[in-house]
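Input: a single structure, listed below in structure tokens.
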Amino acid sequence: MGAMDCLFRDMRDAVCVVTGANSGIGMATAEALSRQDARVLMVCRDRKRGESAAEAIAVQTGRTPELHIADFARLEDVRTVAASIAASVGRVDVLVNNAGLITPTRTITEDGNELTFQVNHLSHFLLTNLLLDKMRLSRDGRVVTVSSDAHFRAFTGINFDDLTFSKDYDGFTAYAHSKLANIMFCYELARRGEAAGITSNAVHPGLVGTNFGMNEGGVVRLFYRLARPFILSAEKGARTVVYCSAAAELGGISGGYFYKMRPKPSSPVSQDEGQWNRLWEESVRLTDMTA
Ligand SMILES: NC(=O)c1ccc[n+]([C@@H]2O[C@H](COP(=O)([O-])OP(=O)(O)OC[C@H]3O[C@@H](n4cnc5c(N)ncnc54)[C@H](OP(=O)(O)O)[C@@H]3O)[C@@H](O)[C@H]2O)c1
């Protein structure tokens, strides 16, 4: 048994792609997987931040992760990075959809989507779909999507009538909605990926002390300051992500929402299968996936 109290499958040279891997939970995940001798591909938006994280991980683990650059606010970047990953690996064993943000101001990307929805959900939807062929070549391909219990706040479901939040934008609501989209995407992928032997699970990492929300100004910063006694380290926050990626006992387990290395129920509305499928179809359209 390891420090995490579970047995890991053999991760030697397992190809693991981690988005948002230069900071916080993503970096701790990349480090933990490198420690298990996996071949880690870090997807980061900023080359310098990516390089310094890769160097730090190499010092800690003796394995240097590979760096791929993409700004998830640009769908074209996601397509380019998916192609460069696909060209450099024979298969993908683990994809950790982790990059995420919360922002107080409503921003529309050059692709015409609301920024939070695009970075947190649409870009991961696109990246995952573009890597599925490589994941099918894995014996135990796993997609792990980092969501949040914040999704409980999006209790009315996906905002299909106004996905860009043109009315009544607030950062928390848009964030909660994007995290609900993460879970519904995870469940629909579990349903669709079954035939190909690919599993899909989502994670709530807990309240974790990272850079998350720190460019936010007042409210999020104050919240984290008040919550400090309850806040987990990035390494602890990454545990359930690493568990879903590598635990031997999770082979073939799919469509779960995990916290503290255990399944837990996600919100009632997240169980609405009609919305999973509708979100999938909308996401295909918004990412122009057939183009
Ligand atoms: N911290 C918590 O308490 C908590 C709780 C529940 C869920 N989560 C989830 O955990 C995940 C990781 O967050 P974290 O807490 O580790 O925060 P973090 O330290 O801020 O890390 C977020 C990562 O996402 C990347 N990212 C942000 N915008 C991006 C973009 N446009 N393109 C590409 N990458 C982008 C960041 O890159 P840069 O360094 O370049 O900004 C960074 O690598 C998020 O999905 C978040 O929703 C966190």
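By convention here, the chains of the structure tokens are called A, B, ... in the order presented, each chain's residues are numbered starting at 1, and ligands are numbered starting at 1 in the order presented.
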### Query
Which residues come within 12 Å of Leu132 (chain A), counting only C-alpha atoms, excluding same-chain residues fewer than 5 positions away, as number ranges by chain?
A: 82-83, 85-86, 91-95, 124-127, 137-138, 141-143, 189, 192-193, 196-200
Residues within 7 Å of ligand 1, counting only C-alpha atoms and all ligand atoms: report them as a PyMOL selection string.
-> chain A and resi 19-26+44-46+49+70-73+98-101+119-120+146-149+179+204-213+234
Keeping only C-alpha atoms, write those residues as a CSV table (one decimal), in the first residue's frame.
chain,number,residue,atom,x,y,z
A,19,THR,CA,-4.1,20.2,-18.6
A,20,GLY,CA,-3.3,23.3,-16.4
A,21,ALA,CA,-0.2,21.3,-15.2
A,22,ASN,CA,2.0,24.3,-14.2
A,23,SER,CA,0.1,25.1,-11.0
A,24,GLY,CA,-2.0,23.9,-8.1
A,25,ILE,CA,-3.8,20.6,-8.5
A,26,GLY,CA,-2.6,20.0,-12.0
A,44,CYS,CA,0.1,24.8,-20.2
A,45,ARG,CA,-0.9,28.2,-21.5
A,46,ASP,CA,2.4,29.9,-20.7
A,49,ARG,CA,5.5,29.0,-16.3
A,70,ALA,CA,-2.2,25.9,-25.5
A,71,ASP,CA,-4.4,28.8,-24.4
A,72,PHE,CA,-7.8,27.1,-23.7
A,73,ALA,CA,-9.5,30.4,-24.5
A,98,ASN,CA,-8.0,20.1,-15.0
A,99,ALA,CA,-7.3,23.6,-16.3
A,100,GLY,CA,-9.9,26.1,-15.0
A,101,LEU,CA,-10.7,29.6,-14.0
A,119,VAL,CA,-11.9,27.2,-20.9
A,120,ASN,CA,-13.5,25.0,-18.3
A,146,VAL,CA,-11.7,18.0,-12.4
A,147,SER,CA,-15.1,19.4,-11.5
A,148,SER,CA,-16.2,20.9,-8.1
A,149,ASP,CA,-19.0,20.8,-5.6
A,179,LYS,CA,-18.4,22.7,-13.4
A,204,HIS,CA,-14.3,17.2,-6.5
A,205,PRO,CA,-10.8,17.9,-5.1
A,206,GLY,CA,-12.0,19.7,-1.9
A,207,LEU,CA,-11.0,23.2,-1.0
A,208,VAL,CA,-7.5,23.5,-2.1
A,209,GLY,CA,-4.9,26.3,-1.6
A,210,THR,CA,-3.8,27.1,-5.2
A,211,ASN,CA,-3.6,30.2,-7.4
A,212,PHE,CA,-7.3,29.6,-8.1
A,213,GLY,CA,-9.3,32.8,-8.1
A,234,ALA,CA,-2.3,21.1,-3.7
Looking only at strand (DSSP E) from DSSP on the backbone, list the matching residues of region 147-291 of chain A as a PyMOL selection string. chain A and resi 199-203+257-259+262-263
Identify, with DSSP run on backbone atoms, the residues in region 123-288 of chain A assigned to alpha helix (DSSP H), and express the list as a ChimeraX atom specification. /A:123-136,171-193,218-226,234-237,239-246,273-286
* Given the choices A:Glu114, A:Met184, A:Asp162, A:Gly90, which gets closest to Pro268 (chain A) if the distance is worked out from only C-alpha atoms? ->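 Nearest to Pro268 (chain A): A:Met184.
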Can you tell me which residues surround Phe172 (chain A) at a distance of at most 10 Å, considering only C-alpha atoms, apart from same-chain residues fewer than 5 positions away, and format the answer as JSON, numbers by chain? {"A": [102, 103, 104, 150, 151, 153, 154, 177, 178, 220]}
- Taking only C-alpha atoms into account, which of A:Ala174, A:Leu33, A:Ile69, A:Val17 comes nearest Arg47 (chain A)?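 Among the listed residues, A:Ile69 lies closest to Arg47 (chain A).
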- Task: Choose the residue, out of A:Ala246, A:Val81, A:Ala87, A:Ala195, that has the smallest atom-to-atom separation from Ala32 (chain A); count only C-alpha atoms.
- Result: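 Nearest to Ala32 (chain A): A:Ala246.
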Q.
Can you pull out the residues contacting region 273-275 of chain A? Cut-off 9 Å, using only C-alpha atoms, and skip same-chain residues under 2 positions away; I want them as a list in words.
A.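 Contacts, with the query itself left out: Gly157, Ile158, Met184, Tyr187, Glu188, Val269, Ser270, Gln271, Asn277, Arg278, Leu279 and Trp280 of chain A.
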Which residues come within 6 Å of Ala202 (chain A), counting only C-alpha atoms, excluding same-chain residues fewer than 2 positions away, as a PDB file with C-alpha atoms, in the first residue's frame?
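What follows is the written file out38.pdb:
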ATOM      1  CA  VAL A 144     -10.486  12.245 -15.329  1.00  0.00           C
ATOM      2  CA  THR A 145     -12.298  15.580 -15.245  1.00  0.00           C
ATOM      3  CA  VAL A 146     -11.702  17.959 -12.352  1.00  0.00           C
ATOM      4  CA  TYR A 257     -18.115  11.508  -9.159  1.00  0.00           C
TER       5      TYR A 257
END
